[in-house]
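A quick write-up on the structure given underneath.
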Amino acid sequence: MVQDTTNLLAPATGAVIALAKTSDPIFSQGTMGDGFGLTPTIGKVVAPVSGKISMVADTKHAVGIGTKEGLEVLVHMGVDTVGLKGAPFTIKIENGQEVQAGQEIAEMNLDEIKAKRLDTTIMVLITNSADKLSGLDVTEGEAKAGEVVATAYLKEAGTEDTSSQKLSYPELAAFIIKNVAGKDNVNNVIHCITRLRFYLKDESKANDEALKNQRGILDVMHASGQYQVVIGNEVANVFDEVVKQLGPLDSEAAPAPEDDGKNPVSRAFGNLIGFITGSMSPIIGVIAAAGIIKGVLALLTLPQLGSLLSVKSTAYITTSAIADSAFFFLPVLVGYCAAKRLNSDPIIAAVIGGVLVYPQLVDWGKAFKTMFEIGGIKFEFLNYTYSIFPMILAAWLAKKCEDWLKKWLPSYLQMIFIPLITVLVVSALTLMVTGPIIQGVANGIAIFINWLVHASGWVGGFIIGGFYQVLVIFGLHWGVVPLVAQQIAGTGESALNAIICSSMIAQGAAVLAVAIKSKKEDLKELGFASTISAMCGVTEPAVYGISLRYKKVFISGCIGSAFGGLVTGLMHGTMYGFTGGLIGFSSFFNPKHPTDLSSFYTFLIASAVTIVVSFIVTWVWGYNDNMTKGAKVAKKKRPGSK
C-alpha cells in the first residue's frame, strides 16, 4: 500500500534548519516531537498545515493546529519567549477556527525579541509524531512563507497501519510498473546487483516521487539512458515479479539516445558508460564469487597453515578450474551480455567470444608467435582470456554487421548467412586488428594505473579512498570496474581495488553505527541489512538507504575510507582478485607467492582503521535520532542520461 503523506509549509520567510540544529535542547532532542526550525527574516507567521486551531497560548507565543489526518502541529514562535508575556506577538486567529495552509496566523516583532537577546527561531513540531509518523523529510535552506519545506510520512493510510508493512514482491512489482507509466512505456528491463534498470520509451512519464517514497525502494535515478529503480539486496526477487507481470514486451531494444543538447564527446562518453554498465553488471556477481574461491584456495595452500591443500591434488585442480572458468571465458560472458544490451544476437556474440578463448589460439597468444602475414603486415595472436574491452567492441561490430546483412540479404538466406558472415568477419577483424590495439592500450592503462597508485603511496590512497563512493552516487564507478578487471588480467593484481575495498567497508561501518545507535526500528532493520551488504562489497543499499539521507553519515564513511586508503597506500597493499569488502579478504593472498602475506596484513590493518574511524565519527558526529532525515538526494544528470 502506498504510504500517505502530508506536506508542511514554511511558517515564515527565512532559513529552514533541522530540528537538531536549534538552540533549545527540549526541541532539538525531539522531546516535543519531530519537526524543524525556521529562522525568520520577516515577522509574518502563516499556518504550516490546514486544520483547526486547537490551542492559542495565553502568552501568544505558541499556536496549535489539528489536521484532518490527526496530526497535532505546534507552531512555537521563538525560544524562551514565554517570559515576554505576549508583548512581541499579534495573534490573527481564534481558538477553534478553521485555517488553511499558508493563511496568516500571527505576527512577530523580531526586533523586540532580538532586543531581549532571545532566539527568534520558529519551531514547527508534530507533537504526536511518535504515534502518527514513520518519518519526516525536511529540505533545509532559504524559503518563503507558505512554501513546502517538509513531508510527513504517516503511519496510517486510511484505517491501515503501513509503518511496519512491506509490500510483497508481486505488490511492489505492480506498484513499480504502474509508476513507470505501465507496460506500454517499457522497452526493456534488466537488473544489476541492487537496481532495476528500465529502458523506457518516455522517462518523463514515470512518477519519481511516488517511487522514491515507497517503502522497499531506496531511490530512483536517471543514468546512462536507463531509468534505474534502486531496490537493494532484494532486487532479483522484485525483478522476477516485474518480468512476470510485464510479460512479452513489444520491443527488447533500448531506446535510441535522443539529442539532449550535450556536446558529442560528453554524449559519447555517457553512451560508453551505459554500454559498459549493461555489458558488465549481469556478470559482476559471478566473477566476484570466482575471485573468492581463488582467494580461499590460496589461503588453503599457505605453508603457514600447513598447506592444507596441495596444488597438485585433484580437489585443488578441480576447484581452481571452477573458479578460473568465469575469468577464462570472460569474453564469452561479456559478449553475450553486450549483445543483449544492443538487441543483437547474443549467441553470435558468445561464439565470437569463444573464438577469442579457443585453446589453440590461447596457446599461440601465450607464446606470442607470429602466425601469418598479410600484405607485408605481421599479425600476432594475443591471449584474450580475462579480457573485456576487445569483446565489447566485437559485440558492437557484430551488431553493425548483422544490421547491414539484414538489409541486403534475402530473408530465406538470413538464418544461415548472417551468423556465418558475422562470426567470420568480426572474429578475424578482432583477432588481427581491433583486439591487439585495444588489448595493448587497455593493458598499458592498467599497468600505468597500478604504477601510479603504488607511486603515489598514502596520498593517492587517501584521495581515492575518500572520494570513490562519490563515483558510486553518480554511477561513474562502472567506468572503473573494467579497469580493475583489466589490471588483474594484465598484471595479476590491482592496487586500485585494494583502496576501493576500504571504501566499501567504511560505508558498512558508518551505517552499522546508525543501526546500533538508533532507536527507530525501520532504521535499525535497514541499517543492519545495509551493513551486511556493504561488507560484502555492495554499498548502494547503505548509500541510498541511509548515508545520503543523513549526509553526515556519508561524509563519516568517506572520512573512514580515506584513512583506510591512506594505510593501504602507505603499506603498498594490493589485491589479486575482484571481490571487495570484508568478504574479499581472500583476494589479498598472493596466489603466485603463498608465503607473501604483506597485502593480507595491510588489509587487516586498513580494515580495522577504516571500521574504527567510520564508526566513531558517525557515532559522535554523523548521526543521532534527533536529526531530521533529509529528502532523497536529487541526482545530477549523469553521462548518457536523457
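How things are named: the first chain in the C-alpha cells is A, the next is B, and so on; residues count from 1 in each chain; ligands count from 1 in the order shown.
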Item to complete: Fewer than 5 positions away in the same chain doesn't count, so skip those; otherwise give me all residues within 10 Å of A:Gln103, counting only C-alpha atoms, as number ranges by chain.
Response: A: 11, 45-50, 92-93, 145-146
Output N, CA, C and O atoms for every residue in the selection just made, as a PDB file, in the first residue's frame.
ATOM      1  N   PRO A  11       6.628  28.369   7.941  1.00  0.00           N
ATOM      2  CA  PRO A  11       5.721  29.254   8.687  1.00  0.00           C
ATOM      3  C   PRO A  11       6.049  30.738   8.510  1.00  0.00           C
ATOM      4  O   PRO A  11       5.275  31.593   8.924  1.00  0.00           O
ATOM      5  N   VAL A  45       3.737  35.321  10.245  1.00  0.00           N
ATOM      6  CA  VAL A  45       3.715  33.883  10.507  1.00  0.00           C
ATOM      7  C   VAL A  45       2.448  33.286   9.894  1.00  0.00           C
ATOM      8  O   VAL A  45       1.343  33.800  10.123  1.00  0.00           O
ATOM      9  N   VAL A  46       2.613  32.192   9.113  1.00  0.00           N
ATOM     10  CA  VAL A  46       1.473  31.550   8.461  1.00  0.00           C
ATOM     11  C   VAL A  46       1.330  30.116   8.973  1.00  0.00           C
ATOM     12  O   VAL A  46       2.259  29.541   9.550  1.00  0.00           O
ATOM     13  N   ALA A  47       0.146  29.547   8.733  1.00  0.00           N
ATOM     14  CA  ALA A  47      -0.114  28.171   9.156  1.00  0.00           C
ATOM     15  C   ALA A  47       0.682  27.205   8.281  1.00  0.00           C
ATOM     16  O   ALA A  47       0.584  27.272   7.054  1.00  0.00           O
ATOM     17  N   PRO A  48       1.441  26.290   8.868  1.00  0.00           N
ATOM     18  CA  PRO A  48       2.196  25.320   8.074  1.00  0.00           C
ATOM     19  C   PRO A  48       1.326  24.210   7.511  1.00  0.00           C
ATOM     20  O   PRO A  48       1.732  23.503   6.589  1.00  0.00           O
ATOM     21  N   VAL A  49       0.119  24.033   8.068  1.00  0.00           N
ATOM     22  CA  VAL A  49      -0.807  22.999   7.611  1.00  0.00           C
ATOM     23  C   VAL A  49      -2.232  23.546   7.673  1.00  0.00           C
ATOM     24  O   VAL A  49      -2.499  24.557   8.332  1.00  0.00           O
ATOM     25  N   SER A  50      -3.131  22.859   6.996  1.00  0.00           N
ATOM     26  CA  SER A  50      -4.554  23.187   7.114  1.00  0.00           C
ATOM     27  C   SER A  50      -5.136  22.410   8.293  1.00  0.00           C
ATOM     28  O   SER A  50      -4.723  21.275   8.564  1.00  0.00           O
ATOM     29  N   LYS A  92      -3.638  36.470  14.931  1.00  0.00           N
ATOM     30  CA  LYS A  92      -4.609  36.822  13.891  1.00  0.00           C
ATOM     31  C   LYS A  92      -5.755  35.807  13.771  1.00  0.00           C
ATOM     32  O   LYS A  92      -6.598  35.938  12.894  1.00  0.00           O
ATOM     33  N   ILE A  93      -5.788  34.801  14.636  1.00  0.00           N
ATOM     34  CA  ILE A  93      -6.839  33.779  14.566  1.00  0.00           C
ATOM     35  C   ILE A  93      -7.396  33.544  15.976  1.00  0.00           C
ATOM     36  O   ILE A  93      -6.901  34.092  16.963  1.00  0.00           O
ATOM     37  N   ALA A 145       7.617  32.215   3.034  1.00  0.00           N
ATOM     38  CA  ALA A 145       6.441  31.794   3.801  1.00  0.00           C
ATOM     39  C   ALA A 145       5.441  31.101   2.879  1.00  0.00           C
ATOM     40  O   ALA A 145       5.114  31.610   1.809  1.00  0.00           O
ATOM     41  N   GLY A 146       4.969  29.927   3.281  1.00  0.00           N
ATOM     42  CA  GLY A 146       3.980  29.200   2.506  1.00  0.00           C
ATOM     43  C   GLY A 146       4.548  28.197   1.531  1.00  0.00           C
ATOM     44  O   GLY A 146       3.789  27.458   0.893  1.00  0.00           O
TER      45      GLY A 146
END
Fill in: Shell of 10 Å around stretch 183-191 of chain A, only C-alpha atoms, local chain residues under 5 positions omitted, as a ChimeraX atom specification
/A:177-178,196-203,205-206,226-231,235-236,238-240,242-243,245-255,278,281-282,340-341,343
Worksheet entry | Distance query stretch 408-425 of chain A at most 8 Å, only C-alpha atoms, self and fewer than 3 positions along chain excluded, as number ranges by chain | A: 348-349, 351-352, 398, 401-402, 404-405, 428-429
Discussion item. Please return, as an NGL selection string, all residues of stretch 170-340 of chain A that DSSP assigns to strand (DSSP E) on the basis of the backbone.
Written reply: :A and (186-191 or 195-200 or 219-223 or 226-230)
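With atom CA of A:His593 on one side and atom CA of A:Ala288 on the other, the separation reads 21.4 Å.
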Item to complete: Using only C-alpha atoms, determine which residues lie at most 8 Å from stretch 547-563 of chain A, disregarding the query and same-chain residues fewer than 3 positions distant; provide the list as a ChimeraX atom specification.
Response: /A:461-467,469,502-511,542-544,566-567,606,609-615,617-618,621-623,627-633
